[in-house]
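Enquirer: Take a look at target_26.csv, CSV, C-alpha atoms (C1' of nucleotides):
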```
chain,number,residue,atom,x,y,z
A,1,MET,CA,13.0,-6.7,20.4
A,2,VAL,CA,14.8,-7.3,23.6
A,3,LYS,CA,16.0,-10.8,24.3
A,4,THR,CA,17.4,-12.3,27.4
A,5,ALA,CA,19.8,-15.2,27.7
A,6,LYS,CA,17.0,-17.7,28.0
A,7,ASN,CA,15.2,-16.5,24.9
A,8,GLU,CA,12.7,-14.6,27.0
A,9,VAL,CA,11.4,-11.5,25.4
A,10,LEU,CA,10.2,-8.2,26.7
A,11,GLU,CA,6.8,-7.7,25.2
A,12,PRO,CA,4.8,-4.6,26.2
A,13,PHE,CA,1.4,-6.2,26.0
A,14,HIS,CA,2.5,-9.0,28.1
A,15,GLU,CA,3.6,-6.5,30.7
A,16,THR,CA,6.5,-8.6,31.7
A,17,ARG,CA,9.1,-10.8,30.1
A,18,HIS,CA,7.7,-13.9,28.6
A,19,ASP,CA,9.1,-16.9,27.0
A,20,HIS,CA,8.4,-16.1,23.5
A,21,ALA,CA,9.5,-19.5,22.3
A,22,HIS,CA,6.4,-20.7,24.1
A,23,CYS,CA,4.2,-18.4,22.0
A,24,ILE,CA,5.8,-19.8,18.9
A,25,GLY,CA,5.5,-23.4,20.0
A,26,GLU,CA,1.9,-23.0,20.9
A,27,ALA,CA,1.0,-21.2,17.7
A,28,LEU,CA,2.6,-24.0,15.6
A,29,ALA,CA,1.1,-26.8,17.5
A,30,SER,CA,-2.3,-25.1,17.3
A,31,ALA,CA,-1.8,-24.6,13.6
A,32,ASP,CA,-0.9,-28.3,13.0
A,33,GLN,CA,-4.1,-29.3,14.8
A,34,LEU,CA,-6.3,-26.8,13.0
A,35,CYS,CA,-5.0,-27.8,9.6
A,36,LEU,CA,-5.4,-31.4,10.4
A,37,ASP,CA,-9.0,-30.9,11.4
A,38,ALA,CA,-9.7,-28.7,8.3
A,39,GLY,CA,-8.1,-31.3,6.0
A,40,VAL,CA,-5.6,-28.8,4.5
A,41,ARG,CA,-1.8,-29.1,4.3
A,42,LEU,CA,0.4,-27.0,6.5
A,43,THR,CA,3.4,-27.7,4.3
A,44,PRO,CA,7.0,-27.1,5.5
A,45,LEU,CA,7.1,-23.8,3.6
A,46,ARG,CA,3.8,-22.6,5.0
A,47,ARG,CA,4.8,-23.7,8.5
A,48,ARG,CA,8.1,-22.0,8.3
A,49,VAL,CA,6.5,-18.7,7.1
A,50,LEU,CA,4.0,-19.0,10.0
A,51,GLU,CA,7.0,-19.5,12.4
A,52,MET,CA,8.7,-16.4,11.0
A,53,VAL,CA,5.6,-14.3,11.4
A,54,TRP,CA,5.6,-15.4,15.0
A,55,GLN,CA,9.2,-14.5,15.6
A,56,SER,CA,7.8,-11.4,17.4
A,57,HIS,CA,4.6,-9.8,18.3
A,58,GLU,CA,5.3,-7.0,15.8
A,59,PRO,CA,3.7,-7.1,12.4
A,60,VAL,CA,6.1,-8.1,9.7
A,61,GLY,CA,6.1,-7.2,6.0
A,62,ALA,CA,5.9,-9.7,3.2
A,63,TYR,CA,9.3,-8.6,1.9
A,64,ASP,CA,10.9,-8.8,5.3
A,65,LEU,CA,9.7,-12.4,5.4
A,66,LEU,CA,11.0,-12.9,1.9
A,67,ASP,CA,14.5,-11.7,2.8
A,68,ARG,CA,14.6,-14.0,5.8
A,69,LEU,CA,13.3,-16.9,3.8
A,70,ARG,CA,15.9,-16.5,1.1
A,71,HIS,CA,18.6,-17.3,3.7
A,72,GLU,CA,17.4,-20.9,3.8
A,73,ARG,CA,15.6,-21.2,0.4
A,74,ARG,CA,17.4,-19.4,-2.3
A,75,ARG,CA,14.7,-19.8,-4.9
A,76,ALA,CA,12.1,-17.9,-2.8
A,77,ALA,CA,10.3,-15.1,-4.7
A,78,PRO,CA,7.5,-12.8,-3.9
A,79,PRO,CA,4.8,-15.3,-4.9
A,80,THR,CA,6.4,-17.8,-2.6
A,81,VAL,CA,5.7,-15.7,0.4
A,82,TYR,CA,2.4,-14.2,-0.7
A,83,ARG,CA,1.0,-17.7,-1.4
A,84,ALA,CA,2.0,-18.9,2.0
A,85,LEU,CA,0.5,-15.7,3.6
A,86,ASP,CA,-2.7,-16.2,1.6
A,87,PHE,CA,-3.0,-19.7,2.9
A,88,LEU,CA,-2.4,-18.7,6.5
A,89,LEU,CA,-4.9,-15.9,6.2
A,90,GLU,CA,-7.5,-18.2,4.8
A,91,GLN,CA,-7.0,-20.6,7.7
A,92,GLY,CA,-7.2,-17.7,10.2
A,93,LEU,CA,-3.7,-18.4,11.4
A,94,ILE,CA,-2.5,-14.9,10.8
A,95,HIS,CA,-4.0,-11.5,10.4
A,96,ARG,CA,-3.2,-8.7,8.0
A,97,ILE,CA,-2.8,-5.2,9.5
A,98,GLU,CA,-4.1,-3.0,6.7
A,99,SER,CA,-2.7,0.2,8.0
A,100,LEU,CA,0.8,-1.2,8.0
A,101,ASN,CA,0.8,-3.6,5.1
A,102,ALA,CA,2.0,-6.2,7.5
A,103,TYR,CA,1.1,-9.5,9.1
A,104,VAL,CA,0.9,-10.9,12.6
A,105,GLY,CA,0.2,-14.3,14.1
A,106,CYS,CA,-3.3,-14.8,15.3
A,107,GLY,CA,-3.5,-15.6,19.0
A,108,GLU,CA,-6.9,-17.3,18.8
A,109,PRO,CA,-7.0,-19.1,15.5
A,110,HIS,CA,-9.8,-21.4,16.7
A,111,ASP,CA,-12.6,-18.9,16.5
A,112,ARG,CA,-12.8,-17.0,13.3
A,113,HIS,CA,-13.0,-13.3,13.9
A,114,GLY,CA,-12.3,-10.0,12.1
A,115,GLY,CA,-9.3,-8.2,13.5
A,116,GLN,CA,-9.3,-5.8,16.4
A,117,PHE,CA,-5.7,-4.6,17.0
A,118,LEU,CA,-4.0,-2.3,19.4
A,119,ILE,CA,-0.9,-1.0,17.7
A,120,CYS,CA,1.8,0.8,19.6
A,121,ARG,CA,3.1,3.8,17.8
A,122,ASP,CA,6.3,3.8,19.8
A,123,CYS,CA,7.5,0.2,19.9
A,124,GLY,CA,5.5,-1.2,17.0
A,125,SER,CA,4.1,-4.2,18.9
A,126,VAL,CA,0.6,-5.3,18.3
A,127,ALA,CA,-2.0,-7.0,20.5
A,128,GLU,CA,-5.4,-8.4,19.6
A,129,LEU,CA,-8.3,-7.0,21.4
A,130,ASN,CA,-11.1,-9.2,20.1
A,131,ASP,CA,-13.8,-7.7,22.2
A,132,GLY,CA,-17.3,-8.9,21.6
A,133,ASP,CA,-18.9,-5.7,22.8
A,134,ILE,CA,-17.1,-3.6,20.2
A,135,ALA,CA,-18.0,-6.1,17.4
A,136,ASP,CA,-21.6,-6.2,18.5
A,137,THR,CA,-21.9,-2.4,18.8
A,138,VAL,CA,-20.5,-2.1,15.3
A,139,VAL,CA,-23.0,-4.6,13.9
A,140,SER,CA,-25.9,-3.0,15.6
A,141,LYS,CA,-25.0,0.6,14.6
A,142,ALA,CA,-24.4,-0.5,11.1
A,143,ARG,CA,-27.7,-2.2,10.9
A,144,ARG,CA,-29.4,1.0,11.8
A,145,GLN,CA,-28.0,2.4,8.6
A,146,GLY,CA,-29.4,-0.6,6.7
A,147,PHE,CA,-25.9,-2.0,6.3
A,148,HIS,CA,-25.2,-5.7,6.6
A,149,VAL,CA,-21.8,-6.3,8.1
A,150,GLN,CA,-19.6,-9.1,6.8
A,151,ARG,CA,-16.1,-8.2,8.1
A,152,GLN,CA,-14.7,-5.7,10.5
A,153,THR,CA,-11.3,-4.3,10.4
A,154,ILE,CA,-10.4,-2.3,13.5
A,155,GLU,CA,-6.9,-0.9,14.0
A,156,ILE,CA,-6.3,1.2,17.0
A,157,LEU,CA,-3.1,3.3,17.0
A,158,GLY,CA,-1.7,4.6,20.3
A,159,LEU,CA,0.6,3.8,23.2
A,160,CYS,CA,1.0,0.4,24.7
A,161,PRO,CA,1.2,0.1,28.5
A,162,ASN,CA,5.0,0.1,28.6
A,163,CYS,CA,5.5,3.0,26.2
A,164,GLY,CA,2.6,4.9,27.8
A,165,LYS,CA,4.5,4.7,31.1
A,166,LYS,CA,7.7,5.9,29.5
A,167,ALA,CA,5.9,8.8,27.9
A,168,GLY,CA,4.4,9.7,31.2
A,169,ALA,CA,7.8,9.6,32.9
A,170,ILE,CA,9.2,12.0,30.3
A,171,HIS,CA,6.3,14.3,30.9
A,172,ALA,CA,6.7,14.1,34.7
A,173,GLY,CA,10.5,14.5,34.4
B,1,MET,CA,-21.9,5.7,-11.1
B,2,VAL,CA,-25.3,6.3,-12.6
B,3,LYS,CA,-26.0,9.8,-13.6
B,4,THR,CA,-29.3,11.4,-14.6
B,5,ALA,CA,-29.7,14.3,-17.0
B,6,LYS,CA,-29.6,16.8,-14.1
B,7,ASN,CA,-26.4,15.5,-12.7
B,8,GLU,CA,-28.3,13.7,-10.0
B,9,VAL,CA,-26.5,10.6,-8.8
B,10,LEU,CA,-27.8,7.3,-7.5
B,11,GLU,CA,-25.9,6.8,-4.2
B,12,PRO,CA,-26.8,3.7,-2.1
B,13,PHE,CA,-26.2,5.3,1.2
B,14,HIS,CA,-28.3,8.2,0.3
B,15,GLU,CA,-31.1,5.7,-0.4
B,16,THR,CA,-32.4,7.9,-3.2
B,17,ARG,CA,-31.1,10.0,-6.0
B,18,HIS,CA,-29.4,13.1,-4.7
B,19,ASP,CA,-27.9,16.1,-6.3
B,20,HIS,CA,-24.3,15.2,-6.0
B,21,ALA,CA,-23.1,18.6,-7.3
B,22,HIS,CA,-24.5,19.8,-4.0
B,23,CYS,CA,-22.3,17.5,-2.0
B,24,ILE,CA,-19.3,18.7,-4.0
B,25,GLY,CA,-20.2,22.3,-3.6
B,26,GLU,CA,-20.7,22.0,0.1
B,27,ALA,CA,-17.5,20.1,0.6
B,28,LEU,CA,-15.5,22.8,-1.3
B,29,ALA,CA,-17.1,25.7,0.5
B,30,SER,CA,-16.5,24.0,3.8
B,31,ALA,CA,-12.9,23.4,2.9
B,32,ASP,CA,-12.4,27.0,1.9
B,33,GLN,CA,-13.6,28.2,5.2
B,34,LEU,CA,-11.7,25.6,7.2
B,35,CYS,CA,-8.4,26.4,5.6
B,36,LEU,CA,-9.0,30.1,6.0
B,37,ASP,CA,-9.6,29.6,9.7
B,38,ALA,CA,-6.6,27.3,10.0
B,39,GLY,CA,-4.4,29.8,8.1
B,40,VAL,CA,-3.3,27.2,5.5
B,41,ARG,CA,-3.5,27.5,1.8
B,42,LEU,CA,-6.0,25.5,-0.2
B,43,THR,CA,-4.2,26.1,-3.5
B,44,PRO,CA,-5.9,25.5,-6.8
B,45,LEU,CA,-4.1,22.2,-7.1
B,46,ARG,CA,-5.2,21.0,-3.7
B,47,ARG,CA,-8.7,22.3,-4.2
B,48,ARG,CA,-8.9,20.5,-7.6
B,49,VAL,CA,-7.7,17.2,-6.0
B,50,LEU,CA,-10.3,17.6,-3.3
B,51,GLU,CA,-13.0,18.2,-5.9
B,52,MET,CA,-11.9,15.1,-7.8
B,53,VAL,CA,-12.0,13.0,-4.6
B,54,TRP,CA,-15.5,14.2,-4.2
B,55,GLN,CA,-16.6,13.3,-7.7
B,56,SER,CA,-18.3,10.3,-6.1
B,57,HIS,CA,-18.9,8.7,-2.8
B,58,GLU,CA,-16.6,5.8,-3.8
B,59,PRO,CA,-13.0,5.8,-2.6
B,60,VAL,CA,-10.6,6.7,-5.3
B,61,GLY,CA,-7.0,5.7,-5.7
B,62,ALA,CA,-4.1,8.1,-5.9
B,63,TYR,CA,-3.2,6.9,-9.4
B,64,ASP,CA,-6.8,7.3,-10.6
B,65,LEU,CA,-6.6,10.9,-9.4
B,66,LEU,CA,-3.3,11.3,-11.2
B,67,ASP,CA,-4.7,10.0,-14.5
B,68,ARG,CA,-7.6,12.5,-14.3
B,69,LEU,CA,-5.3,15.3,-13.2
B,70,ARG,CA,-3.0,14.8,-16.2
B,71,HIS,CA,-5.8,15.7,-18.5
B,72,GLU,CA,-5.6,19.3,-17.3
B,73,ARG,CA,-2.1,19.4,-15.9
B,74,ARG,CA,0.4,17.5,-18.1
B,75,ARG,CA,3.2,17.8,-15.6
B,76,ALA,CA,1.5,16.0,-12.8
B,77,ALA,CA,3.4,13.2,-11.3
B,78,PRO,CA,2.9,10.9,-8.3
B,79,PRO,CA,4.3,13.4,-5.8
B,80,THR,CA,1.9,16.0,-7.2
B,81,VAL,CA,-1.1,13.9,-6.1
B,82,TYR,CA,0.4,12.5,-2.9
B,83,ARG,CA,1.4,15.9,-1.6
B,84,ALA,CA,-2.1,17.2,-2.2
B,85,LEU,CA,-3.6,14.1,-0.5
B,86,ASP,CA,-1.2,14.5,2.4
B,87,PHE,CA,-2.3,18.1,2.8
B,88,LEU,CA,-6.0,17.2,2.6
B,89,LEU,CA,-5.5,14.3,5.1
B,90,GLU,CA,-3.7,16.7,7.6
B,91,GLN,CA,-6.6,19.1,7.4
B,92,GLY,CA,-9.1,16.4,7.9
B,93,LEU,CA,-10.8,17.1,4.5
B,94,ILE,CA,-10.4,13.5,3.3
B,95,HIS,CA,-9.9,10.1,4.8
B,96,ARG,CA,-7.8,7.3,3.7
B,97,ILE,CA,-9.4,3.8,3.5
B,98,GLU,CA,-6.5,1.6,4.5
B,99,SER,CA,-8.1,-1.6,3.3
B,100,LEU,CA,-8.5,-0.2,-0.2
B,101,ASN,CA,-5.5,2.1,-0.5
B,102,ALA,CA,-7.9,4.8,-1.5
B,103,TYR,CA,-9.3,8.1,-0.4
B,104,VAL,CA,-12.8,9.6,0.2
B,105,GLY,CA,-14.0,13.0,1.1
B,106,CYS,CA,-14.8,13.6,4.7
B,107,GLY,CA,-18.4,14.6,5.3
B,108,GLU,CA,-17.8,16.3,8.6
B,109,PRO,CA,-14.4,17.9,8.4
B,110,HIS,CA,-15.2,20.3,11.2
B,111,ASP,CA,-14.8,17.8,13.9
B,112,ARG,CA,-11.6,15.8,13.9
B,113,HIS,CA,-12.3,12.1,14.1
B,114,GLY,CA,-10.7,8.8,13.2
B,115,GLY,CA,-12.5,7.0,10.4
B,116,GLN,CA,-15.5,4.7,10.8
B,117,PHE,CA,-16.5,3.5,7.3
B,118,LEU,CA,-19.1,1.2,5.9
B,119,ILE,CA,-17.8,-0.1,2.7
B,120,CYS,CA,-20.1,-1.9,0.3
B,121,ARG,CA,-18.5,-5.0,-1.2
B,122,ASP,CA,-20.9,-4.9,-4.1
B,123,CYS,CA,-21.1,-1.4,-5.4
B,124,GLY,CA,-17.9,0.0,-3.8
B,125,SER,CA,-19.6,3.0,-2.2
B,126,VAL,CA,-18.5,4.2,1.2
B,127,ALA,CA,-20.4,6.0,4.0
B,128,GLU,CA,-19.0,7.4,7.2
B,129,LEU,CA,-20.5,6.1,10.4
B,130,ASN,CA,-18.8,8.2,13.0
B,131,ASP,CA,-20.6,6.8,15.9
B,132,GLY,CA,-19.6,8.0,19.3
B,133,ASP,CA,-20.7,4.9,21.1
B,134,ILE,CA,-18.3,2.8,19.0
B,135,ALA,CA,-15.4,5.2,19.5
B,136,ASP,CA,-16.1,5.3,23.3
B,137,THR,CA,-16.4,1.6,23.6
B,138,VAL,CA,-13.1,1.2,21.8
B,139,VAL,CA,-11.3,3.7,24.1
B,140,SER,CA,-12.7,2.2,27.2
B,141,LYS,CA,-11.9,-1.4,26.2
B,142,ALA,CA,-8.4,-0.4,25.1
B,143,ARG,CA,-7.8,1.4,28.4
B,144,ARG,CA,-8.6,-1.8,30.3
B,145,GLN,CA,-5.6,-3.3,28.6
B,146,GLY,CA,-3.5,-0.3,29.6
B,147,PHE,CA,-3.5,1.1,26.1
B,148,HIS,CA,-3.8,4.8,25.3
B,149,VAL,CA,-5.7,5.3,22.1
B,150,GLN,CA,-4.6,8.0,19.7
B,151,ARG,CA,-6.3,7.1,16.5
B,152,GLN,CA,-9.0,4.6,15.4
B,153,THR,CA,-9.3,3.1,12.0
B,154,ILE,CA,-12.5,1.2,11.6
B,155,GLU,CA,-13.4,-0.2,8.2
B,156,ILE,CA,-16.6,-2.3,8.0
B,157,LEU,CA,-17.0,-4.5,4.9
B,158,GLY,CA,-20.5,-5.7,3.9
B,159,LEU,CA,-23.6,-4.8,1.9
B,160,CYS,CA,-25.1,-1.4,1.7
B,161,PRO,CA,-28.9,-1.0,1.9
B,162,ASN,CA,-29.4,-1.1,-1.8
B,163,CYS,CA,-27.1,-4.0,-2.6
B,164,GLY,CA,-28.4,-5.8,0.5
B,165,LYS,CA,-31.9,-5.6,-1.0
B,166,LYS,CA,-30.7,-6.8,-4.3
B,167,ALA,CA,-29.0,-9.8,-2.7
B,168,GLY,CA,-32.1,-10.5,-0.7
B,169,ALA,CA,-34.2,-10.5,-3.9
B,170,ILE,CA,-31.9,-13.0,-5.6
B,171,HIS,CA,-32.1,-15.2,-2.6
B,172,ALA,CA,-35.9,-14.9,-2.6
B,173,GLY,CA,-36.1,-15.4,-6.3
C,1,DG,C1',10.0,47.2,-6.9
C,2,DC,C1',12.9,43.8,-5.3
C,3,DA,C1',15.9,41.1,-1.9
C,4,DG,C1',15.4,37.3,0.7
C,5,DC,C1',12.8,33.8,2.9
C,6,DT,C1',9.5,29.9,3.0
C,7,DA,C1',5.9,27.1,1.0
C,8,DA,C1',4.5,24.8,-3.0
C,9,DT,C1',5.2,22.5,-7.2
C,10,DG,C1',8.0,20.3,-11.0
C,11,DA,C1',10.8,16.5,-12.4
C,12,DT,C1',13.4,12.2,-12.1
C,13,DA,C1',14.3,8.2,-10.1
C,14,DT,C1',13.5,4.4,-7.1
C,15,DA,C1',11.5,1.9,-3.2
C,16,DA,C1',7.9,-1.0,-1.4
C,17,DC,C1',4.0,-3.9,-2.0
C,18,DG,C1',1.5,-7.2,-4.7
C,19,DT,C1',-0.1,-10.3,-8.8
C,20,DA,C1',-0.5,-12.8,-13.5
C,21,DA,C1',0.9,-16.5,-16.0
C,22,DC,C1',3.0,-20.6,-17.2
C,23,DA,C1',6.3,-24.5,-16.0
C,24,DC,C1',7.6,-27.9,-13.0
C,25,DT,C1',7.2,-31.0,-8.9
C,26,DA,C1',5.1,-33.5,-5.1
C,27,DT,C1',1.2,-36.0,-3.2
C,28,DG,C1',-2.5,-39.1,-3.0
C,29,DG,C1',-6.1,-42.2,-5.2
C,30,DC,C1',-6.7,-45.7,-8.4
D,1,DG,C1',2.8,-46.7,-12.8
D,2,DC,C1',-0.8,-43.3,-14.2
D,3,DC,C1',-3.5,-39.7,-13.5
D,4,DA,C1',-5.5,-35.6,-11.3
D,5,DT,C1',-4.7,-32.0,-8.3
D,6,DA,C1',-2.3,-29.1,-5.1
D,7,DG,C1',1.8,-26.8,-4.3
D,8,DT,C1',6.0,-24.5,-5.6
D,9,DG,C1',9.4,-22.4,-9.0
D,10,DT,C1',10.3,-18.7,-12.3
D,11,DT,C1',9.8,-14.7,-14.9
D,12,DA,C1',7.7,-10.6,-15.7
D,13,DC,C1',4.9,-6.9,-14.6
D,14,DG,C1',1.4,-3.9,-12.2
D,15,DT,C1',0.3,-0.9,-8.4
D,16,DT,C1',1.2,2.1,-4.6
D,17,DA,C1',4.3,5.4,-2.4
D,18,DT,C1',8.5,8.1,-1.3
D,19,DA,C1',13.3,10.4,-1.7
D,20,DT,C1',15.7,14.0,-3.7
D,21,DC,C1',16.9,18.0,-5.8
D,22,DA,C1',15.4,21.9,-9.0
D,23,DT,C1',12.2,25.5,-9.8
D,24,DT,C1',8.4,28.6,-9.1
D,25,DA,C1',5.0,31.2,-6.4
D,26,DG,C1',3.7,34.0,-2.5
D,27,DC,C1',4.8,36.7,1.3
D,28,DT,C1',7.6,40.1,4.3
D,29,DG,C1',10.3,44.1,5.1
D,30,DC,C1',12.5,47.5,3.2
```
Would you kindly transcribe this structure into structure tokens?
Expert:
Amino acid sequence: MVKTAKNEVLEPFHETRHDHAHCIGEALASADQLCLDAGVRLTPLRRRVLEMVWQSHEPVGAYDLLDRLRHERRRAAPPTVYRALDFLLEQGLIHRIESLNAYVGCGEPHDRHGGQFLICRDCGSVAELNDGDIADTVVSKARRQGFHVQRQTIEILGLCPNCGKKAGAIHAG
Amino acid sequence: MVKTAKNEVLEPFHETRHDHAHCIGEALASADQLCLDAGVRLTPLRRRVLEMVWQSHEPVGAYDLLDRLRHERRRAAPPTVYRALDFLLEQGLIHRIESLNAYVGCGEPHDRHGGQFLICRDCGSVAELNDGDIADTVVSKARRQGFHVQRQTIEILGLCPNCGKKAGAIHAG
DNA sequence: GCAGCTAATGATATAACGTAACACTATGGC
DNA sequence: GCCATAGTGTTACGTTATATCATTAGCTGC
């Protein structure tokens, strides 16, 4: 991840630099409110893990989180992280990327949704698509097979706008 | 898996009993031809692993395959299975179900496609959807975000026709 | 046939990911 | 303060996957 002096971050799916601290702040504030409404406890540990997941728009592995967590909480062990992740998943605050065994913050935790992810093969960043047409098409086509959809996992691998341009430039050059 | 005297198998997505030996036979014949055309070697080991994957329409884990393989090949180890699986994946003869860490035979190995899977939460069986409309919608929606799609992984969890009926009956009863 | 090359497999070890089970601590209601 | 429950600590283990080097099989040209 490329950082500037002001903690701005180059994020492919944001097309331009953006103040990533703002993403983190929003996500945490949103999480505070959501948990308050739901009557569940976003404890310091859980909140810290959520913050760590949000450190970038790239999916992060559970053991990466564990390593970072140990810097500030020596007693952390795998269950420490996995329990926090399970909680965050249940509350819809993060998503799990199945094809990467990794986790990303959810940009729209207010409406529950299965995941639709665009994953850049080059830079590793991930953006949520959350397109209703796709979800509806899936449900409708599945129903034709007599199948009742409960959850959709859609993970699209390819090149994000920035990396696509780079690849194009290489081709052109 | 429920088997009858004639090796017929009850498969939800096939709605009725079907002669599963026929599925296996077709898959293997198809694989032989495909590998011949591609100029790659479907060795006895690889062919046997493919056959084992096709033993049912349920996804099977690598270590399950390993256990079975050891009955007839004592020296089998994890790499034995994983290398065979990698080969079969490359040739498009099987798919990996990311959300289950498991593998299923590909019903249409002739045309390369990302996976679209209907996974029954109840009985564990899997069917391929391979719907062009879904794939096209995904590509088109992704493109609007400036994203270039290379591979799609779509895994739909829910109830297959048979298990859906059962669940309905319970509700009704 | 066999020398020499490459693909495939054997064999060992270890990495990466995830969970079970039980003990202890914190929080909130009475 | 007492209790019940939720949350975290702690240890151990299970599952999934890969790295590495040694050996064997199959193919090519002679």
Enquirer: Taking all atoms listed in the file into account, report as a CSV table (one decimal) with C-alpha atoms, keeping the file's coordinate frame which residues of chain B lie within 7 Å of chain A.
Expert:
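Once everything was written out, this is out.csv:
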```
chain,number,residue,atom,x,y,z
B,98,GLU,CA,-6.5,1.6,4.5
B,99,SER,CA,-8.1,-1.6,3.3
B,134,ILE,CA,-18.3,2.8,19.0
B,137,THR,CA,-16.4,1.6,23.6
B,138,VAL,CA,-13.1,1.2,21.8
B,146,GLY,CA,-3.5,-0.3,29.6
B,147,PHE,CA,-3.5,1.1,26.1
B,148,HIS,CA,-3.8,4.8,25.3
B,149,VAL,CA,-5.7,5.3,22.1
B,150,GLN,CA,-4.6,8.0,19.7
B,151,ARG,CA,-6.3,7.1,16.5
B,152,GLN,CA,-9.0,4.6,15.4
B,153,THR,CA,-9.3,3.1,12.0
B,154,ILE,CA,-12.5,1.2,11.6
B,155,GLU,CA,-13.4,-0.2,8.2
B,156,ILE,CA,-16.6,-2.3,8.0
B,157,LEU,CA,-17.0,-4.5,4.9
B,158,GLY,CA,-20.5,-5.7,3.9
B,159,LEU,CA,-23.6,-4.8,1.9
B,160,CYS,CA,-25.1,-1.4,1.7
B,161,PRO,CA,-28.9,-1.0,1.9
B,164,GLY,CA,-28.4,-5.8,0.5
```
Enquirer: Identify which of the residues B:Leu28, B:Leu69, B:Leu36, B:Ala76 lies closest to C:DA11, counting all atoms listed in the file when measuring atom-to-atom distances.
Expert: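 Using all atoms listed in the file, C:DA11 sits closest to B:Ala76.
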Enquirer: Find the residues of chain B in contact range of chain D, meaning any atom within 9 Å when counting all atoms listed in the file, and list them as a VMD selection string.
Expert: chain B and resid 62 to 63 78 to 79 82 101
Enquirer: Would you mind reading off the distance between atom C1' of C:DA23 and atom CA of A:Met52, one decimal, in Å?
Expert: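 Value for the atom C1' of C:DA23-atom CA of A:Met52 distance: 28.3 Å.
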Enquirer: Ranking B:Ala38, B:Leu50, B:Val81, B:Ala21 by minimum distance to chain C and counting only C-alpha atoms (C1' of nucleotides), which one comes first?
Expert: B:Val81
Enquirer: Could you please fill out stretch 137-149 of chain B with N, CA and C atoms and send it back as a PDB file, in the coordinates of the input?
Expert:
```pdb
ATOM      1  N   THR B 137     -16.559   2.975  23.211  1.00  0.00           N
ATOM      2  CA  THR B 137     -16.400   1.600  23.600  1.00  0.00           C
ATOM      3  C   THR B 137     -14.912   1.160  23.331  1.00  0.00           C
ATOM      4  N   VAL B 138     -14.431   1.549  22.166  1.00  0.00           N
ATOM      5  CA  VAL B 138     -13.100   1.200  21.800  1.00  0.00           C
ATOM      6  C   VAL B 138     -12.082   1.783  22.830  1.00  0.00           C
ATOM      7  N   VAL B 139     -12.243   3.066  23.122  1.00  0.00           N
ATOM      8  CA  VAL B 139     -11.300   3.700  24.100  1.00  0.00           C
ATOM      9  C   VAL B 139     -11.369   3.042  25.414  1.00  0.00           C
ATOM     10  N   SER B 140     -12.568   2.757  25.851  1.00  0.00           N
ATOM     11  CA  SER B 140     -12.700   2.200  27.200  1.00  0.00           C
ATOM     12  C   SER B 140     -12.137   0.764  27.262  1.00  0.00           C
ATOM     13  N   LYS B 141     -12.410  -0.034  26.239  1.00  0.00           N
ATOM     14  CA  LYS B 141     -11.900  -1.400  26.200  1.00  0.00           C
ATOM     15  C   LYS B 141     -10.370  -1.421  26.107  1.00  0.00           C
ATOM     16  N   ALA B 142      -9.865  -0.497  25.317  1.00  0.00           N
ATOM     17  CA  ALA B 142      -8.400  -0.400  25.100  1.00  0.00           C
ATOM     18  C   ALA B 142      -7.766  -0.018  26.471  1.00  0.00           C
ATOM     19  N   ARG B 143      -8.396   0.912  27.154  1.00  0.00           N
ATOM     20  CA  ARG B 143      -7.800   1.400  28.400  1.00  0.00           C
ATOM     21  C   ARG B 143      -7.700   0.250  29.429  1.00  0.00           C
ATOM     22  N   ARG B 144      -8.666  -0.646  29.404  1.00  0.00           N
ATOM     23  CA  ARG B 144      -8.600  -1.800  30.300  1.00  0.00           C
ATOM     24  C   ARG B 144      -7.334  -2.616  30.089  1.00  0.00           C
ATOM     25  N   GLN B 145      -6.810  -2.538  28.860  1.00  0.00           N
ATOM     26  CA  GLN B 145      -5.600  -3.300  28.600  1.00  0.00           C
ATOM     27  C   GLN B 145      -4.350  -2.364  28.839  1.00  0.00           C
ATOM     28  N   GLY B 146      -4.618  -1.180  29.374  1.00  0.00           N
ATOM     29  CA  GLY B 146      -3.500  -0.300  29.600  1.00  0.00           C
ATOM     30  C   GLY B 146      -3.062   0.480  28.404  1.00  0.00           C
ATOM     31  N   PHE B 147      -3.905   0.476  27.376  1.00  0.00           N
ATOM     32  CA  PHE B 147      -3.500   1.100  26.100  1.00  0.00           C
ATOM     33  C   PHE B 147      -4.131   2.453  25.931  1.00  0.00           C
ATOM     34  N   HIS B 148      -3.311   3.400  25.535  1.00  0.00           N
ATOM     35  CA  HIS B 148      -3.800   4.800  25.300  1.00  0.00           C
ATOM     36  C   HIS B 148      -4.069   5.017  23.852  1.00  0.00           C
ATOM     37  N   VAL B 149      -5.335   5.207  23.525  1.00  0.00           N
ATOM     38  CA  VAL B 149      -5.700   5.300  22.100  1.00  0.00           C
ATOM     39  C   VAL B 149      -5.443   6.712  21.573  1.00  0.00           C
TER      40      VAL B 149
END
```
